$ cat target24.pdb   # PDB, C-alpha atoms, pLDDT in the B column
ATOM      1  CA  MET O  14     111.338  74.965 -33.583  1.00 92.00           C
ATOM      2  CA  ARG O  15     111.010  77.180 -30.551  1.00 93.00           C
ATOM      3  CA  ILE O  16     107.816  78.190 -28.810  1.00 93.00           C
ATOM      4  CA  GLY O  17     107.517  81.588 -30.527  1.00 93.00           C
ATOM      5  CA  GLU O  18     107.777  80.071 -33.991  1.00 95.00           C
ATOM      6  CA  LEU O  19     105.244  77.354 -33.170  1.00 95.00           C
ATOM      7  CA  ALA O  20     102.828  79.940 -31.792  1.00 95.00           C
ATOM      8  CA  ALA O  21     103.207  82.109 -34.899  1.00 95.00           C
ATOM      9  CA  ARG O  22     102.754  79.184 -37.301  1.00 95.00           C
ATOM     10  CA  ALA O  23      99.681  77.985 -35.420  1.00 93.00           C
ATOM     11  CA  GLY O  24      98.163  81.453 -35.049  1.00 92.00           C
ATOM     12  CA  THR O  25      98.111  81.409 -31.264  1.00 93.00           C
ATOM     13  CA  THR O  26     100.170  82.722 -28.352  1.00 95.00           C
ATOM     14  CA  THR O  27     103.071  81.324 -26.386  1.00 94.00           C
ATOM     15  CA  ARG O  28     100.918  81.608 -23.270  1.00 96.00           C
ATOM     16  CA  THR O  29      98.348  79.298 -24.839  1.00 95.00           C
ATOM     17  CA  LEU O  30     101.065  76.806 -25.737  1.00 95.00           C
ATOM     18  CA  ARG O  31     102.373  76.804 -22.182  1.00 94.00           C
ATOM     19  CA  TYR O  32      98.824  76.178 -20.975  1.00 95.00           C
ATOM     20  CA  TYR O  33      98.429  73.236 -23.368  1.00 95.00           C
ATOM     21  CA  GLU O  34     101.763  71.939 -22.091  1.00 94.00           C
ATOM     22  CA  SER O  35     100.538  72.185 -18.484  1.00 94.00           C
ATOM     23  CA  ARG O  36      97.449  70.172 -19.476  1.00 94.00           C
ATOM     24  CA  GLY O  37      99.605  67.475 -21.066  1.00 93.00           C
ATOM     25  CA  LEU O  38      98.522  68.154 -24.654  1.00 94.00           C
ATOM     26  CA  LEU O  39     101.916  69.362 -25.865  1.00 93.00           C
ATOM     27  CA  PRO O  40     105.189  67.745 -24.788  1.00 89.00           C
ATOM     28  CA  ALA O  41     107.606  69.587 -22.536  1.00 79.00           C
ATOM     29  CA  ARG O  42     110.827  68.871 -24.412  1.00 89.00           C
ATOM     30  CA  ARG O  43     113.801  71.123 -23.797  1.00 91.00           C
ATOM     31  CA  GLY O  44     116.827  71.745 -25.956  1.00 89.00           C
ATOM     32  CA  GLY O  45     120.397  71.858 -24.662  1.00 90.00           C
ATOM     33  CA  ASN O  46     119.980  75.577 -24.072  1.00 91.00           C
ATOM     34  CA  GLY O  47     116.885  75.023 -21.890  1.00 89.00           C
ATOM     35  CA  TYR O  48     114.405  76.387 -24.411  1.00 89.00           C
ATOM     36  CA  ARG O  49     111.260  74.467 -25.276  1.00 90.00           C
ATOM     37  CA  THR O  50     111.526  72.695 -28.623  1.00 93.00           C
ATOM     38  CA  TYR O  51     108.745  71.511 -30.909  1.00 94.00           C
ATOM     39  CA  ASP O  52     108.488  69.632 -34.184  1.00 93.00           C
ATOM     40  CA  GLU O  53     106.003  69.328 -37.061  1.00 94.00           C
ATOM     41  CA  GLY O  54     104.063  66.688 -35.122  1.00 93.00           C
ATOM     42  CA  ASP O  55     103.453  69.243 -32.393  1.00 95.00           C
ATOM     43  CA  LEU O  56     102.216  71.704 -34.995  1.00 95.00           C
ATOM     44  CA  ARG O  57      99.782  69.085 -36.358  1.00 95.00           C
ATOM     45  CA  ALA O  58      98.534  68.369 -32.834  1.00 95.00           C
ATOM     46  CA  LEU O  59      98.111  72.064 -32.145  1.00 95.00           C
ATOM     47  CA  ARG O  60      96.191  72.602 -35.373  1.00 94.00           C
ATOM     48  CA  GLN O  61      93.936  69.676 -34.434  1.00 95.00           C
ATOM     49  CA  ILE O  62      93.273  71.210 -31.017  1.00 96.00           C
ATOM     50  CA  ARG O  63      92.513  74.628 -32.496  1.00 94.00           C
ATOM     51  CA  THR O  64      90.202  73.222 -35.171  1.00 95.00           C
ATOM     52  CA  LEU O  65      88.212  71.227 -32.655  1.00 96.00           C
ATOM     53  CA  GLN O  66      87.961  74.199 -30.307  1.00 95.00           C
ATOM     54  CA  ASP O  67      86.691  76.320 -33.192  1.00 94.00           C
ATOM     55  CA  PHE O  68      83.915  73.714 -33.577  1.00 93.00           C
ATOM     56  CA  GLY O  69      82.991  74.012 -29.885  1.00 94.00           C
ATOM     57  CA  PHE O  70      84.948  71.152 -28.357  1.00 97.00           C
ATOM     58  CA  ASP O  71      86.403  71.880 -24.942  1.00 95.00           C
ATOM     59  CA  LEU O  72      90.090  71.345 -24.373  1.00 95.00           C
ATOM     60  CA  GLU O  73      89.730  67.991 -22.638  1.00 96.00           C
ATOM     61  CA  GLU O  74      87.629  66.679 -25.535  1.00 97.00           C
ATOM     62  CA  THR O  75      90.596  67.244 -27.849  1.00 97.00           C
ATOM     63  CA  ARG O  76      92.845  64.865 -25.900  1.00 97.00           C
ATOM     64  CA  PRO O  77      91.880  61.633 -27.771  1.00 97.00           C
ATOM     65  CA  PHE O  78      92.544  63.344 -31.104  1.00 97.00           C
ATOM     66  CA  VAL O  79      95.989  64.504 -29.985  1.00 96.00           C
ATOM     67  CA  GLU O  80      96.799  61.067 -28.575  1.00 96.00           C
ATOM     68  CA  CYS O  81      95.714  59.501 -31.870  1.00 97.00           C
ATOM     69  CA  LEU O  82      98.126  61.743 -33.785  1.00 95.00           C
ATOM     70  CA  ARG O  83     100.910  61.042 -31.300  1.00 94.00           C
ATOM     71  CA  ALA O  84     100.326  57.291 -31.788  1.00 95.00           C
ATOM     72  CA  GLY O  85     101.266  57.769 -35.438  1.00 93.00           C
ATOM     73  CA  HIS O  86      97.889  57.864 -37.112  1.00 95.00           C
ATOM     74  CA  PRO O  87      97.639  60.169 -40.133  1.00 92.00           C
ATOM     75  CA  GLU O  88      94.502  61.860 -38.761  1.00 94.00           C
ATOM     76  CA  GLY O  89      93.499  62.629 -35.201  1.00 95.00           C
ATOM     77  CA  ASP O  90      90.043  61.218 -35.682  1.00 94.00           C
ATOM     78  CA  SER O  91      91.027  57.768 -36.912  1.00 94.00           C
ATOM     79  CA  CYS O  92      91.020  56.152 -33.432  1.00 96.00           C
ATOM     80  CA  PRO O  93      88.052  54.678 -31.538  1.00 97.00           C
ATOM     81  CA  ALA O  94      88.373  57.187 -28.677  1.00 97.00           C
ATOM     82  CA  SER O  95      88.171  60.110 -31.129  1.00 97.00           C
ATOM     83  CA  LEU O  96      85.082  58.640 -32.759  1.00 97.00           C
ATOM     84  CA  ALA O  97      83.482  58.298 -29.320  1.00 98.00           C
ATOM     85  CA  VAL O  98      84.109  62.007 -28.681  1.00 98.00           C
ATOM     86  CA  TYR O  99      82.440  62.847 -32.011  1.00 97.00           C
ATOM     87  CA  ARG O 100      79.427  60.714 -31.052  1.00 98.00           C
ATOM     88  CA  ASN O 101      79.172  62.372 -27.633  1.00 97.00           C
ATOM     89  CA  LYS O 102      79.445  65.830 -29.170  1.00 97.00           C
ATOM     90  CA  LEU O 103      76.681  65.034 -31.665  1.00 97.00           C
ATOM     91  CA  THR O 104      74.450  63.828 -28.830  1.00 97.00           C
ATOM     92  CA  GLU O 105      75.182  67.044 -26.939  1.00 96.00           C
ATOM     93  CA  LEU O 106      74.445  69.162 -30.030  1.00 96.00           C
ATOM     94  CA  ASP O 107      71.196  67.296 -30.702  1.00 98.00           C
ATOM     95  CA  ALA O 108      70.067  68.008 -27.127  1.00 97.00           C
ATOM     96  CA  LEU O 109      70.901  71.708 -27.543  1.00 97.00           C
ATOM     97  CA  ILE O 110      69.058  71.832 -30.857  1.00 98.00           C
ATOM     98  CA  ASP O 111      66.006  70.220 -29.230  1.00 98.00           C
ATOM     99  CA  GLU O 112      66.160  72.748 -26.403  1.00 98.00           C
ATOM    100  CA  LEU O 113      66.468  75.689 -28.801  1.00 98.00           C
ATOM    101  CA  THR O 114      63.622  74.321 -30.935  1.00 98.00           C
ATOM    102  CA  ALA O 115      61.381  74.164 -27.860  1.00 97.00           C
ATOM    103  CA  VAL O 116      62.301  77.735 -26.895  1.00 98.00           C
ATOM    104  CA  ARG O 117      61.655  78.893 -30.462  1.00 98.00           C
ATOM    105  CA  GLU O 118      58.238  77.251 -30.449  1.00 97.00           C
ATOM    106  CA  THR O 119      57.378  78.913 -27.127  1.00 97.00           C
ATOM    107  CA  VAL O 120      58.463  82.341 -28.372  1.00 98.00           C
ATOM    108  CA  GLY O 121      56.560  81.788 -31.626  1.00 97.00           C
ATOM    109  CA  ALA O 122      53.410  80.864 -29.690  1.00 96.00           C
ATOM    110  CA  GLN O 123      53.817  83.966 -27.502  1.00 97.00           C
ATOM    111  CA  LEU O 124      54.180  86.146 -30.593  1.00 97.00           C
ATOM    112  CA  HIS O 125      51.120  84.588 -32.209  1.00 96.00           C
ATOM    113  CA  ARG O 126      49.078  85.101 -29.025  1.00 96.00           C
ATOM    114  CA  ALA O 127      50.242  88.721 -28.744  1.00 95.00           C
ATOM    115  CA  GLU O 128      49.416  89.441 -32.401  1.00 93.00           C
ATOM    116  CA  GLN O 129      45.917  87.998 -31.940  1.00 92.00           C
ATOM    117  CA  THR O 130      45.383  90.142 -28.857  1.00 90.00           C
ATOM    118  CA  VAL O 131      46.519  93.259 -30.700  1.00 88.00           C
ATOM    119  CA  ALA O 132      44.249  92.442 -33.643  1.00 87.00           C
ATOM    120  CA  ALA O 133      41.252  91.826 -31.349  1.00 86.00           C
ATOM    121  CA  LEU O 134      41.812  95.069 -29.488  1.00 84.00           C
ATOM    122  CA  ALA O 135      42.218  97.005 -32.721  1.00 81.00           C
ATOM    123  CA  ALA O 136      38.878  95.646 -33.962  1.00 81.00           C
ATOM    124  CA  GLU O 137      37.149  96.866 -30.810  1.00 80.00           C
ATOM    125  CA  GLN O 138      38.767 100.266 -30.488  1.00 74.00           C
ATOM    126  CA  PRO O 139      41.939 102.081 -31.495  1.00 63.00           C
ATOM    127  CA  ALA O 140      44.865 100.587 -29.665  1.00 57.00           C
ATOM    128  CA  PRO O 141      46.688 102.755 -27.154  1.00 62.00           C
ATOM    129  CA  ARG O 142      50.017 103.888 -28.447  1.00 68.00           C
ATOM    130  CA  CYS O 143      53.031 102.407 -26.771  1.00 70.00           C
ATOM    131  CA  GLU O 144      55.618 104.738 -25.285  1.00 71.00           C
ATOM    132  CA  LEU O 145      58.296 103.447 -27.661  1.00 70.00           C
ATOM    133  CA  THR O 146      56.062 104.050 -30.692  1.00 62.00           C
ATOM    134  CA  ARG O 147      55.387 107.613 -29.533  1.00 57.00           C
ATOM    135  CA  GLN O 148      59.104 108.348 -29.119  1.00 62.00           C
ATOM    136  CA  GLN O 149      59.892 106.980 -32.580  1.00 61.00           C
ATOM    137  CA  GLU O 150      57.207 109.134 -34.204  1.00 65.00           C
ATOM    138  CA  GLU O 151      58.530 112.265 -32.518  1.00 66.00           C
ATOM    139  CA  GLU O 152      62.045 111.732 -33.852  1.00 65.00           C
TER
END

$ encode --input "target24.pdb" --output "structure tokens"
Amino acid sequence: MRIGELAARAGTTTRTLRYYESRGLLPARRGGNGYRTYDEGDLRALRQIRTLQDFGFDLEETRPFVECLRAGHPEGDSCPASLAVYRNKLTELDALIDELTAVRETVGAQLHRAEQTVAALAAEQPAPRCELTRQQEEE
């Protein structure tokens, strides 16, 4: 199949396919007429790339999966190098989750502190009205 058909079947653009070709992820085969030609294996590789990118993998992280498919394996993640990428990605995600959890705890503590301050002030005297609250009441 030609580049336009592959792009349409994969739900991407010919520009993206040329970029993948330049990065060595898609082969640069040419037909007798000089046009790029692709086969079903290329479509499988492209779908693997797109799926992994949808999950947050960068383009270079998809390389072991594509190479696994090209080696004749039925799935791109059935090779040791692909499994290593999964492990690395999980480690990366766990670190991000830990970081977000820490930020969430900090924001939660700030909210709790602010609510206590507001409650203490309200017990002592009526709280001053915030500018935003005043504007909302006027509308």

$ resolve_selection --input "target24.pdb" --expression "the PyMOL selection byres ((chain O and resi 73) around 12)" --output "list in words"
Tyr33, Arg36, Gly37, Leu38, Ile62, Leu65, Gln66, Gly69, Phe70, Asp71, Leu72, Glu74, Thr75, Arg76, Pro77, Phe78, Val79, Glu80, Ser95 and Val98 of chain O

$ resolve_selection --input "target24.pdb" --expression "the PyMOL selection byres ((chain O and resi 19) around 10)" --output "list of chain:residue names"
O:Met14, O:Arg15, O:Ile16, O:Gly17, O:Glu18, O:Ala20, O:Ala21, O:Arg22, O:Ala23, O:Gly24, O:Thr25, O:Thr26, O:Thr27, O:Leu30, O:Thr50, O:Tyr51, O:Asp52, O:Glu53, O:Asp55, O:Leu56, O:Leu59

$ atom_distance --input "target24.pdb" --atom1 "atom CA of O:Pro40" --atom2 "atom CA of O:Asp90"
19.8 Å

$ axis_aligned_box --input "target24.pdb" --around "stretch 93-101 of chain O" --padding-each-side "4 Å" --output "JSON"
{"center_x": 83.8, "center_y": 58.8, "center_z": -30.2, "size_x": 17.2, "size_y": 16.2, "size_z": 13.1}

$ atom_distance --input "target24.pdb" --atom1 "atom CA of O:Tyr99" --atom2 "atom CA of O:Pro87"
17.4 Å

$ atom_distance --input "target24.pdb" --atom1 "atom CA of O:Val116" --atom2 "atom CA of O:Asp67"
25.2 Å

$ residues_near_point --input "target24.pdb" --point "(106.7, 60.7, -33.6)" --cutoff "7 Å" --atoms "all atoms listed in the file" --output "list in words"
Gly54, Arg83 and Gly85 of chain O

$ closest_residue --input "target24.pdb" --among "O:Ile110, O:Ser35, O:Arg42, O:Glu88" --to "O:Gln61" --atoms "all atoms listed in the file"
O:Glu88

$ build_atoms --input "target24.pdb" --residues "stretch 38-61 of chain O" --atoms "N, CA, C and O atoms" --output "compact mmCIF listing (two decimals), in the frame of the given file"
# COMPACT_ATOMS: atom_id res chain seq x y z
N LEU O 38 98.87 68.29 -23.24
CA LEU O 38 98.52 68.15 -24.65
C LEU O 38 99.71 68.41 -25.57
O LEU O 38 99.72 67.94 -26.71
N LEU O 39 100.67 69.15 -25.11
CA LEU O 39 101.92 69.36 -25.86
C LEU O 39 103.07 68.89 -24.99
O LEU O 39 103.06 69.12 -23.78
N PRO O 40 104.07 68.26 -25.58
CA PRO O 40 105.19 67.74 -24.79
C PRO O 40 106.06 68.88 -24.25
O PRO O 40 106.09 69.97 -24.82
N ALA O 41 106.72 68.60 -23.16
CA ALA O 41 107.61 69.59 -22.54
C ALA O 41 109.05 69.20 -22.80
O ALA O 41 109.81 68.91 -21.88
N ARG O 42 109.44 69.19 -24.06
CA ARG O 42 110.83 68.87 -24.41
C ARG O 42 111.66 70.15 -24.33
O ARG O 42 111.19 71.23 -24.66
N ARG O 43 112.89 69.97 -23.90
CA ARG O 43 113.80 71.12 -23.80
C ARG O 43 115.07 70.84 -24.58
O ARG O 43 115.58 69.72 -24.58
N GLY O 44 115.56 71.85 -25.25
CA GLY O 44 116.83 71.74 -25.96
C GLY O 44 117.99 71.88 -24.98
O GLY O 44 117.79 72.15 -23.79
N GLY O 45 119.20 71.73 -25.48
CA GLY O 45 120.40 71.86 -24.66
C GLY O 45 120.52 73.22 -24.00
O GLY O 45 121.12 73.35 -22.94
N ASN O 46 119.92 74.23 -24.62
CA ASN O 46 119.98 75.58 -24.07
C ASN O 46 118.84 75.86 -23.08
O ASN O 46 118.74 76.96 -22.56
N GLY O 47 117.98 74.86 -22.85
CA GLY O 47 116.88 75.02 -21.89
C GLY O 47 115.59 75.52 -22.49
O GLY O 47 114.56 75.56 -21.82
N TYR O 48 115.62 75.92 -23.76
CA TYR O 48 114.40 76.39 -24.41
C TYR O 48 113.50 75.22 -24.79
O TYR O 48 113.98 74.12 -25.12
N ARG O 49 112.19 75.47 -24.80
CA ARG O 49 111.26 74.47 -25.28
C ARG O 49 111.49 74.25 -26.77
O ARG O 49 111.72 75.22 -27.50
N THR O 50 111.39 72.99 -27.20
CA THR O 50 111.53 72.69 -28.62
C THR O 50 110.32 71.89 -29.09
O THR O 50 109.78 71.08 -28.33
N TYR O 51 109.92 72.16 -30.32
CA TYR O 51 108.74 71.51 -30.91
C TYR O 51 109.09 71.05 -32.31
O TYR O 51 110.02 71.55 -32.94
N ASP O 52 108.28 70.12 -32.82
CA ASP O 52 108.49 69.63 -34.18
C ASP O 52 107.18 69.73 -34.97
O ASP O 52 106.17 70.24 -34.46
N GLU O 53 107.19 69.25 -36.19
CA GLU O 53 106.00 69.33 -37.06
C GLU O 53 104.83 68.54 -36.48
O GLU O 53 103.67 68.91 -36.67
N GLY O 54 105.13 67.46 -35.77
CA GLY O 54 104.06 66.69 -35.12
C GLY O 54 103.34 67.52 -34.08
O GLY O 54 102.11 67.42 -33.92
N ASP O 55 104.07 68.35 -33.37
CA ASP O 55 103.45 69.24 -32.39
C ASP O 55 102.57 70.28 -33.08
O ASP O 55 101.49 70.60 -32.60
N LEU O 56 103.02 70.75 -34.23
CA LEU O 56 102.22 71.70 -34.99
C LEU O 56 100.91 71.05 -35.46
O LEU O 56 99.84 71.65 -35.36
N ARG O 57 101.00 69.81 -35.94
CA ARG O 57 99.78 69.08 -36.36
C ARG O 57 98.82 68.92 -35.18
O ARG O 57 97.62 69.12 -35.31
N ALA O 58 99.36 68.55 -34.02
CA ALA O 58 98.53 68.37 -32.83
C ALA O 58 97.88 69.69 -32.44
O ALA O 58 96.68 69.74 -32.12
N LEU O 59 98.64 70.75 -32.49
CA LEU O 59 98.11 72.06 -32.15
C LEU O 59 97.02 72.49 -33.11
O LEU O 59 95.97 73.01 -32.70
N ARG O 60 97.22 72.26 -34.38
CA ARG O 60 96.19 72.60 -35.37
C ARG O 60 94.92 71.78 -35.14
O ARG O 60 93.81 72.28 -35.29
N GLN O 61 95.09 70.52 -34.74
CA GLN O 61 93.94 69.68 -34.43
C GLN O 61 93.17 70.25 -33.24
O GLN O 61 91.95 70.36 -33.27
